[in-house]
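Source file input_21.cif; content: mmCIF, C-alpha atoms.
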```
data_query
#
loop_
_atom_site.group_PDB
_atom_site.id
_atom_site.type_symbol
_atom_site.label_atom_id
_atom_site.label_comp_id
_atom_site.auth_asym_id
_atom_site.auth_seq_id
_atom_site.Cartn_x
_atom_site.Cartn_y
_atom_site.Cartn_z
ATOM 1 C CA MET A 1 -6.456 -38.375 -39.051
ATOM 2 C CA SER A 2 -3.233 -37.820 -37.063
ATOM 3 C CA HIS A 3 -2.686 -39.213 -33.591
ATOM 4 C CA LEU A 4 -3.014 -36.815 -30.658
ATOM 5 C CA ARG A 5 0.633 -37.398 -29.753
ATOM 6 C CA ARG A 6 1.630 -35.210 -32.685
ATOM 7 C CA GLU A 7 0.075 -32.267 -30.812
ATOM 8 C CA LEU A 8 2.421 -32.769 -27.845
ATOM 9 C CA ASP A 9 4.952 -29.981 -27.443
ATOM 10 C CA GLN A 10 8.393 -31.542 -27.905
ATOM 11 C CA VAL A 11 10.087 -28.747 -25.953
ATOM 12 C CA ILE A 12 7.935 -29.297 -22.853
ATOM 13 C CA HIS A 13 7.648 -33.078 -23.156
ATOM 14 C CA SER A 14 11.070 -33.761 -21.636
ATOM 15 C CA PRO A 15 10.511 -34.817 -17.972
ATOM 16 C CA VAL A 16 12.949 -32.224 -16.608
ATOM 17 C CA ARG A 17 11.547 -29.365 -18.671
ATOM 18 C CA PHE A 18 8.013 -30.490 -17.837
ATOM 19 C CA SER A 19 8.943 -30.236 -14.124
ATOM 20 C CA ILE A 20 10.576 -26.819 -14.569
ATOM 21 C CA VAL A 21 7.583 -25.403 -16.408
ATOM 22 C CA ALA A 22 5.098 -26.997 -13.971
ATOM 23 C CA ALA A 23 6.958 -25.468 -11.019
ATOM 24 C CA LEU A 24 6.893 -22.051 -12.684
ATOM 25 C CA THR A 25 3.183 -22.057 -13.574
ATOM 26 C CA SER A 26 2.110 -20.852 -10.122
ATOM 27 C CA VAL A 27 4.703 -18.088 -9.811
ATOM 28 C CA GLU A 28 5.600 -14.830 -11.512
ATOM 29 C CA ARG A 29 9.286 -15.642 -11.157
ATOM 30 C CA ALA A 30 11.553 -17.876 -9.114
ATOM 31 C CA GLU A 31 15.250 -17.758 -8.377
ATOM 32 C CA PHE A 32 17.441 -20.021 -10.506
ATOM 33 C CA GLY A 33 18.848 -21.771 -7.409
ATOM 34 C CA TYR A 34 15.374 -22.444 -6.034
ATOM 35 C CA ILE A 35 14.254 -24.223 -9.213
ATOM 36 C CA ARG A 36 17.586 -26.110 -9.367
ATOM 37 C CA ASP A 37 17.017 -27.444 -5.831
ATOM 38 C CA MET A 38 13.328 -28.206 -6.444
ATOM 39 C CA VAL A 39 13.942 -30.148 -9.642
ATOM 40 C CA GLU A 40 17.126 -31.684 -8.186
ATOM 41 C CA ILE A 41 19.463 -31.061 -11.094
ATOM 42 C CA SER A 42 22.848 -29.391 -11.500
ATOM 43 C CA ASP A 43 23.430 -25.741 -12.385
ATOM 44 C CA SER A 44 24.686 -26.635 -15.859
ATOM 45 C CA SER A 45 21.790 -28.975 -16.582
ATOM 46 C CA LEU A 46 19.222 -26.370 -15.508
ATOM 47 C CA SER A 47 21.074 -23.773 -17.542
ATOM 48 C CA GLN A 48 20.778 -25.944 -20.672
ATOM 49 C CA HIS A 49 17.067 -26.551 -20.157
ATOM 50 C CA VAL A 50 16.470 -22.869 -19.442
ATOM 51 C CA THR A 51 18.239 -21.957 -22.681
ATOM 52 C CA THR A 52 16.075 -24.414 -24.621
ATOM 53 C CA LEU A 53 12.879 -23.017 -23.073
ATOM 54 C CA GLU A 54 14.062 -19.450 -23.594
ATOM 55 C CA LYS A 55 14.813 -20.116 -27.271
ATOM 56 C CA ALA A 56 11.293 -21.497 -27.665
ATOM 57 C CA GLY A 57 9.971 -18.244 -26.181
ATOM 58 C CA TYR A 58 8.470 -20.059 -23.171
ATOM 59 C CA LEU A 59 10.681 -18.592 -20.500
ATOM 60 C CA LYS A 60 12.321 -15.279 -19.671
ATOM 61 C CA VAL A 61 15.480 -14.783 -17.653
ATOM 62 C CA VAL A 62 16.017 -11.642 -15.586
ATOM 63 C CA LYS A 63 19.213 -10.823 -13.723
ATOM 64 C CA THR A 64 19.082 -8.490 -10.719
ATOM 65 C CA GLN A 65 21.510 -7.275 -8.107
ATOM 66 C CA ALA A 66 20.616 -7.813 -4.432
ATOM 67 C CA GLY A 67 23.375 -6.052 -2.514
ATOM 68 C CA ARG A 68 26.625 -7.588 -3.688
ATOM 69 C CA ARG A 69 24.929 -10.713 -4.926
ATOM 70 C CA ALA A 70 23.681 -11.154 -8.467
ATOM 71 C CA LYS A 71 20.402 -13.041 -8.704
ATOM 72 C CA THR A 72 19.026 -14.829 -11.719
ATOM 73 C CA TRP A 73 15.241 -15.051 -11.924
ATOM 74 C CA ILE A 74 13.302 -17.243 -14.290
ATOM 75 C CA GLY A 75 9.640 -16.967 -15.148
ATOM 76 C CA LEU A 76 7.235 -18.207 -17.789
ATOM 77 C CA THR A 77 6.112 -15.992 -20.644
ATOM 78 C CA PRO A 78 2.388 -15.895 -21.564
ATOM 79 C CA GLN A 79 3.346 -18.087 -24.531
ATOM 80 C CA GLY A 80 4.982 -20.589 -22.155
ATOM 81 C CA ARG A 81 1.913 -20.730 -19.920
ATOM 82 C CA ALA A 82 -0.321 -21.292 -22.942
ATOM 83 C CA ALA A 83 1.989 -24.017 -24.276
ATOM 84 C CA PHE A 84 1.986 -25.830 -20.917
ATOM 85 C CA ARG A 85 -1.818 -25.616 -20.636
ATOM 86 C CA ASN A 86 -2.154 -26.988 -24.141
ATOM 87 C CA HIS A 87 0.366 -29.756 -23.453
ATOM 88 C CA VAL A 88 -1.476 -30.886 -20.321
ATOM 89 C CA ALA A 89 -4.785 -30.742 -22.207
ATOM 90 C CA VAL A 90 -3.366 -32.997 -24.935
ATOM 91 C CA LEU A 91 -2.048 -35.449 -22.309
ATOM 92 C CA ASN A 92 -5.501 -35.538 -20.713
ATOM 93 C CA ARG A 93 -7.158 -36.131 -24.080
ATOM 94 C CA ILE A 94 -4.739 -38.984 -24.785
ATOM 95 C CA ALA A 95 -5.510 -40.445 -21.355
ATOM 96 C CA GLU A 96 -9.254 -40.200 -21.979
ATOM 97 C CA ALA A 97 -8.897 -41.880 -25.351
ATOM 98 C CA ALA A 98 -6.694 -44.692 -24.026
ATOM 99 C CA PRO A 99 -7.995 -48.215 -23.411
ATOM 100 C CA THR A 100 -7.755 -49.429 -19.790
ATOM 101 C CA GLU A 101 -4.178 -50.387 -18.997
ATOM 102 C CA PRO A 102 -3.413 -53.738 -17.432
ATOM 103 C CA ALA A 103 -2.358 -53.492 -13.761
ATOM 104 C CA GLY A 104 1.397 -53.103 -13.169
ATOM 105 C CA ASP A 105 2.106 -51.207 -16.385
ATOM 106 C CA GLY A 106 4.502 -48.331 -15.597
ATOM 107 C CA GLY A 107 2.871 -46.135 -18.238
ATOM 108 C CA GLY A 108 4.403 -43.220 -20.087
ATOM 109 C CA THR A 109 4.011 -41.081 -23.158
ATOM 110 C CA ASP A 110 6.768 -41.277 -25.675
ATOM 111 C CA PRO A 111 6.005 -39.556 -28.948
ATOM 112 C CA GLU A 112 8.918 -41.437 -30.513
ATOM 113 C CA ASP A 113 7.493 -44.897 -29.822
ATOM 114 C CA GLY A 114 3.838 -44.366 -30.586
ATOM 115 C CA GLY A 115 2.868 -41.886 -27.909
ATOM 116 C CA ARG A 116 1.553 -44.366 -25.431
ATOM 117 C CA PRO A 117 -0.424 -42.361 -22.885
ATOM 118 C CA SER A 118 0.470 -42.529 -19.221
ATOM 119 C CA ARG A 119 -2.729 -41.094 -17.755
ATOM 120 C CA MET B 1 16.953 -38.837 -26.821
ATOM 121 C CA ALA B 2 14.052 -41.276 -26.765
ATOM 122 C CA GLU B 3 14.681 -41.853 -23.065
ATOM 123 C CA GLU B 4 14.790 -38.128 -22.411
ATOM 124 C CA SER B 5 11.484 -37.563 -24.164
ATOM 125 C CA ARG B 6 9.640 -40.251 -22.254
ATOM 126 C CA LEU B 7 7.254 -38.678 -19.756
ATOM 127 C CA SER B 8 6.058 -41.192 -17.194
ATOM 128 C CA ARG B 9 3.179 -41.131 -14.757
ATOM 129 C CA GLU B 10 5.707 -40.541 -11.960
ATOM 130 C CA ASP B 11 7.123 -37.522 -13.812
ATOM 131 C CA ILE B 12 3.669 -35.982 -14.074
ATOM 132 C CA ASP B 13 2.896 -36.636 -10.384
ATOM 133 C CA ARG B 14 6.269 -35.202 -9.415
ATOM 134 C CA ALA B 15 5.674 -32.105 -11.538
ATOM 135 C CA GLU B 16 2.314 -31.565 -9.829
ATOM 136 C CA ARG B 17 3.991 -31.825 -6.409
ATOM 137 C CA LEU B 18 6.586 -29.277 -7.528
ATOM 138 C CA ARG B 19 3.856 -26.913 -8.686
ATOM 139 C CA VAL B 20 2.097 -27.155 -5.312
ATOM 140 C CA ARG B 21 5.350 -26.633 -3.368
ATOM 141 C CA THR B 22 6.346 -23.620 -5.456
ATOM 142 C CA ALA B 23 2.872 -22.107 -5.018
ATOM 143 C CA ALA B 24 3.213 -22.618 -1.247
ATOM 144 C CA ALA B 25 6.633 -20.923 -1.311
ATOM 145 C CA GLY B 26 4.978 -17.792 -2.700
ATOM 146 C CA ARG B 27 2.414 -17.426 0.102
ATOM 147 C CA TRP B 28 4.639 -14.996 1.985
ATOM 148 C CA TYR B 29 3.527 -12.309 -0.439
ATOM 149 C CA SER B 30 0.015 -12.024 1.046
ATOM 150 C CA GLY B 31 1.518 -11.219 4.450
ATOM 151 C CA TYR B 32 3.893 -8.779 2.797
ATOM 152 C CA LEU B 33 0.971 -6.927 1.199
ATOM 153 C CA VAL B 34 -0.749 -6.694 4.606
ATOM 154 C CA VAL B 35 2.436 -5.254 6.143
ATOM 155 C CA VAL B 36 2.733 -2.698 3.324
ATOM 156 C CA GLY B 37 -0.922 -1.736 3.919
ATOM 157 C CA LEU B 38 -0.259 -1.269 7.653
ATOM 158 C CA LEU B 39 2.867 0.793 6.927
ATOM 159 C CA SER B 40 0.878 3.005 4.559
ATOM 160 C CA ALA B 41 -1.836 3.501 7.189
ATOM 161 C CA ALA B 42 0.821 4.350 9.780
ATOM 162 C CA LEU B 43 2.295 6.968 7.452
ATOM 163 C CA VAL B 44 -1.054 8.671 6.910
ATOM 164 C CA VAL B 45 -1.870 8.779 10.638
ATOM 165 C CA ALA B 46 1.640 9.993 11.491
ATOM 166 C CA VAL B 47 1.801 12.878 8.992
ATOM 167 C CA GLU B 48 -1.841 13.941 9.213
ATOM 168 C CA ALA B 49 -2.780 13.438 12.881
ATOM 169 C CA PHE B 50 0.410 13.312 14.965
ATOM 170 C CA PHE B 51 2.762 15.570 13.004
ATOM 171 C CA PRO B 52 0.551 17.689 10.716
ATOM 172 C CA ASP B 53 3.243 20.333 10.239
ATOM 173 C CA GLY B 54 6.814 21.297 11.034
ATOM 174 C CA PRO B 55 10.050 19.311 10.699
ATOM 175 C CA ALA B 56 8.550 16.317 12.566
ATOM 176 C CA ARG B 57 6.351 15.677 9.522
ATOM 177 C CA LEU B 58 9.425 15.436 7.306
ATOM 178 C CA THR B 59 11.173 13.193 9.831
ATOM 179 C CA ALA B 60 8.128 10.894 9.945
ATOM 180 C CA CYS B 61 8.230 10.671 6.133
ATOM 181 C CA GLY B 62 11.960 9.879 6.251
ATOM 182 C CA VAL B 63 11.520 7.141 8.867
ATOM 183 C CA TRP B 64 8.646 5.658 6.884
ATOM 184 C CA PHE B 65 10.757 5.701 3.718
ATOM 185 C CA LEU B 66 13.589 3.810 5.448
ATOM 186 C CA VAL B 67 11.182 1.202 6.864
ATOM 187 C CA ALA B 68 9.516 0.786 3.443
ATOM 188 C CA LEU B 69 12.958 0.434 1.856
ATOM 189 C CA ALA B 70 13.881 -2.291 4.377
ATOM 190 C CA ALA B 71 10.613 -4.116 3.654
ATOM 191 C CA GLY B 72 11.276 -3.893 -0.089
ATOM 192 C CA TRP B 73 14.819 -5.191 0.380
ATOM 193 C CA TRP B 74 13.534 -8.098 2.467
ATOM 194 C CA ALA B 75 10.998 -8.927 -0.269
ATOM 195 C CA GLU B 76 13.820 -9.004 -2.823
ATOM 196 C CA THR B 77 15.639 -11.639 -0.768
ATOM 197 C CA ARG B 78 12.732 -14.114 -1.176
ATOM 198 C CA GLN B 79 13.296 -16.855 -3.738
ATOM 199 C CA VAL B 80 9.815 -16.985 -5.166
ATOM 200 C CA ARG B 81 7.457 -14.238 -6.237
ATOM 201 C CA PRO B 82 3.893 -15.486 -6.730
ATOM 202 C CA ARG B 83 1.945 -15.047 -9.918
ATOM 203 C CA GLY B 84 0.425 -11.587 -10.266
ATOM 204 C CA ALA B 85 2.535 -10.131 -7.437
ATOM 205 C CA THR B 86 3.746 -7.064 -9.344
ATOM 206 C CA ARG B 87 0.324 -6.400 -10.866
ATOM 207 C CA PHE B 88 -1.548 -6.606 -7.545
ATOM 208 C CA PHE B 89 1.067 -4.535 -5.690
ATOM 209 C CA THR B 90 1.031 -1.816 -8.339
ATOM 210 C CA ALA B 91 -2.780 -1.707 -8.491
ATOM 211 C CA ALA B 92 -3.115 -1.460 -4.695
ATOM 212 C CA GLY B 93 -0.386 1.204 -4.538
ATOM 213 C CA VAL B 94 -1.980 3.323 -7.262
ATOM 214 C CA VAL B 95 -5.445 3.133 -5.638
ATOM 215 C CA TRP B 96 -3.914 4.077 -2.253
ATOM 216 C CA LEU B 97 -1.941 7.000 -3.668
ATOM 217 C CA VAL B 98 -4.750 8.396 -5.811
ATOM 218 C CA GLY B 99 -7.224 7.974 -2.927
ATOM 219 C CA TYR B 100 -4.915 9.735 -0.491
ATOM 220 C CA LEU B 101 -3.844 12.594 -2.736
ATOM 221 C CA LEU B 102 -7.058 13.327 -4.596
ATOM 222 C CA LEU B 103 -10.058 11.998 -2.689
ATOM 223 C CA VAL B 104 -9.924 10.805 0.925
ATOM 224 C CA GLY B 105 -6.969 12.974 1.957
ATOM 225 C CA PRO B 106 -8.407 16.388 0.943
ATOM 226 C CA LEU B 107 -11.888 15.435 2.157
ATOM 227 C CA VAL B 108 -10.794 14.347 5.652
ATOM 228 C CA ARG B 109 -8.418 17.318 5.970
ATOM 229 C CA TRP B 110 -11.266 19.688 5.068
ATOM 230 C CA ARG B 111 -13.904 18.136 7.317
ATOM 231 C CA PHE B 112 -11.879 16.850 10.302
ATOM 232 C CA ASP B 113 -8.527 18.682 10.173
ATOM 233 C CA ASP B 114 -6.054 16.567 12.222
ATOM 234 C CA SER B 115 -8.544 14.421 14.148
ATOM 235 C CA LEU B 116 -6.852 11.159 15.140
ATOM 236 C CA VAL B 117 -10.078 9.122 14.921
ATOM 237 C CA ALA B 118 -10.954 10.471 11.475
ATOM 238 C CA TRP B 119 -7.465 9.854 10.091
ATOM 239 C CA SER B 120 -7.288 6.379 11.662
ATOM 240 C CA LEU B 121 -10.529 5.419 9.939
ATOM 241 C CA ALA B 122 -9.477 7.068 6.675
ATOM 242 C CA SER B 123 -6.060 5.388 6.666
ATOM 243 C CA ALA B 124 -7.675 2.007 7.377
ATOM 244 C CA ALA B 125 -10.049 2.560 4.448
ATOM 245 C CA LEU B 126 -7.175 3.668 2.218
ATOM 246 C CA SER B 127 -5.246 0.490 3.036
ATOM 247 C CA LEU B 128 -8.138 -1.771 2.064
ATOM 248 C CA PRO B 129 -6.769 -2.302 -1.493
ATOM 249 C CA PHE B 130 -3.664 -3.945 0.021
ATOM 250 C CA ALA B 131 -5.838 -6.204 2.200
ATOM 251 C CA ALA B 132 -8.049 -7.043 -0.785
ATOM 252 C CA ALA B 133 -4.982 -7.829 -2.922
ATOM 253 C CA ALA B 134 -3.590 -10.047 -0.144
ATOM 254 C CA LEU B 135 -6.850 -11.990 0.129
ATOM 255 C CA TRP B 136 -7.166 -12.278 -3.636
ATOM 256 C CA MET B 137 -3.623 -13.590 -4.003
ATOM 257 C CA ARG B 138 -4.047 -16.023 -1.129
ATOM 258 C CA GLY B 139 -7.083 -17.527 -2.825
ATOM 259 C CA ARG B 140 -5.447 -17.499 -6.236
ATOM 260 C CA ASN B 141 -2.217 -19.243 -5.192
ATOM 261 C CA ARG B 142 -3.852 -21.850 -3.010
#
```

I need this file expressed as structure tokens, please.
Amino acid sequence: MSHLRRELDQVIHSPVRFSIVAALTSVERAEFGYIRDMVEISDSSLSQHVTTLEKAGYLKVVKTQAGRRAKTWIGLTPQGRAAFRNHVAVLNRIAEAAPTEPAGDGGGTDPEDGGRPSR
Amino acid sequence: MAEESRLSREDIDRAERLRVRTAAAGRWYSGYLVVVGLLSAALVVAVEAFFPDGPARLTACGVWFLVALAAGWWAETRQVRPRGATRFFTAAGVVWLVGYLLLVGPLVRWRFDDSLVAWSLASAALSLPFAAAALWMRGRNR
């Protein structure tokens, strides 16, 4: 029987990408700059993460023109929403299966070091 | 890479806060739908009760088009569009248009001609889909 951590989505499991996808779950689309400011990362860093999520089919990028200004919108695909829901469900299952942590443990789930659940 | 893949409790809490803040940033859309509903009602009353014929009717349509265009442009300047925005807007618009052109419009014109009271009530009823969509979205993106 394989450990639940193997069901975690490696694309979403990065903290930054997890934040980006979480922020996008409640919207149809958001402007690139808005997500950059919310997640507090640079343009280039967000661009890299967006490319990774787009390649996985979790995110779509749409460019529009508002007057003279070009706007870049990002939004989750149905596949991306499903992947995030599944990822959160796996995290919850890991948390439910975990023994009680001693007080003061920072917690965290790292699939590379045994997938120790954080919650 | 191992550091990058480590998702801590704080990361999950932070992501939840981001989700809530982004959802809150999309609440403007409910008000926008109400404004579009009011604009649609104003158009119906203007062209059916106040200016039922003549060039004034065309002018009223032109003014309404410019105001609707300005509202649409303003909406495009927002940074967040809530989930289901396009779907709800399209559904409300289609119901309004079909109701006006095929059902309520011909019926009120036939029975009440250009009565202001009748067209005010009819336009309010026709705009209900926008109000319903606004309420639905407000509850959904809470």

Legend entry - Residue neighbourhood Arg78 (chain B), 9 Å, all atoms listed in the file, exclusion window fewer than 2 positions, as an NGL selection string: (:A and (30-31)) or (:B and (26 or 28 or 74-76 or 80-81))

Inset, instruction - Kindly determine which residues of chain B lie within 10 Å of chain A, considering all atoms listed in the file, and give the answer as a PyMOL selection string. - result: chain B and resi 1-26+73-74+76-87+140-142

Would you put the residues from that selection into a file with C-alpha atoms, as a compact mmCIF listing (two decimals), in the frame of the given file?
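Okay, this is what ended up in again_14.txt:
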```
# COMPACT_ATOMS: atom_id res chain seq x y z
CA MET B 1 16.95 -38.84 -26.82
CA ALA B 2 14.05 -41.28 -26.76
CA GLU B 3 14.68 -41.85 -23.06
CA GLU B 4 14.79 -38.13 -22.41
CA SER B 5 11.48 -37.56 -24.16
CA ARG B 6 9.64 -40.25 -22.25
CA LEU B 7 7.25 -38.68 -19.76
CA SER B 8 6.06 -41.19 -17.19
CA ARG B 9 3.18 -41.13 -14.76
CA GLU B 10 5.71 -40.54 -11.96
CA ASP B 11 7.12 -37.52 -13.81
CA ILE B 12 3.67 -35.98 -14.07
CA ASP B 13 2.90 -36.64 -10.38
CA ARG B 14 6.27 -35.20 -9.41
CA ALA B 15 5.67 -32.10 -11.54
CA GLU B 16 2.31 -31.56 -9.83
CA ARG B 17 3.99 -31.82 -6.41
CA LEU B 18 6.59 -29.28 -7.53
CA ARG B 19 3.86 -26.91 -8.69
CA VAL B 20 2.10 -27.16 -5.31
CA ARG B 21 5.35 -26.63 -3.37
CA THR B 22 6.35 -23.62 -5.46
CA ALA B 23 2.87 -22.11 -5.02
CA ALA B 24 3.21 -22.62 -1.25
CA ALA B 25 6.63 -20.92 -1.31
CA GLY B 26 4.98 -17.79 -2.70
CA TRP B 73 14.82 -5.19 0.38
CA TRP B 74 13.53 -8.10 2.47
CA GLU B 76 13.82 -9.00 -2.82
CA THR B 77 15.64 -11.64 -0.77
CA ARG B 78 12.73 -14.11 -1.18
CA GLN B 79 13.30 -16.86 -3.74
CA VAL B 80 9.82 -16.98 -5.17
CA ARG B 81 7.46 -14.24 -6.24
CA PRO B 82 3.89 -15.49 -6.73
CA ARG B 83 1.94 -15.05 -9.92
CA GLY B 84 0.42 -11.59 -10.27
CA ALA B 85 2.54 -10.13 -7.44
CA THR B 86 3.75 -7.06 -9.34
CA ARG B 87 0.32 -6.40 -10.87
CA ARG B 140 -5.45 -17.50 -6.24
CA ASN B 141 -2.22 -19.24 -5.19
CA ARG B 142 -3.85 -21.85 -3.01
```

Inset, instruction - Can you work out the spacing between CA of His3 (chain A) and CA of Val50 (chain A) in Å, to one decimal? - result: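 Interatomic distance, CA of His3 (chain A) to CA of Val50 (chain A): 28.9 Å.
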
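Here CA of Phe89 (chain B) is placed at a distance of 28.7 Å from CA of Ala56 (chain B).
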
Inset, instruction - Please write the residues picked by the PyMOL selection byres ((chain B and resi 122-138) around 8) on this file as a ChimeraX atom specification. - result: /B:27,29-31,33-34,36-38,40-42,44-45,84-85,88-89,92-93,95-96,99-100,104-105,108,118-121,139-142

Inset, instruction - Take CA of Arg93 (chain A) and CA of Gln48 (chain A) and report the distance between them in Å, one decimal. - result: 29.9 Å
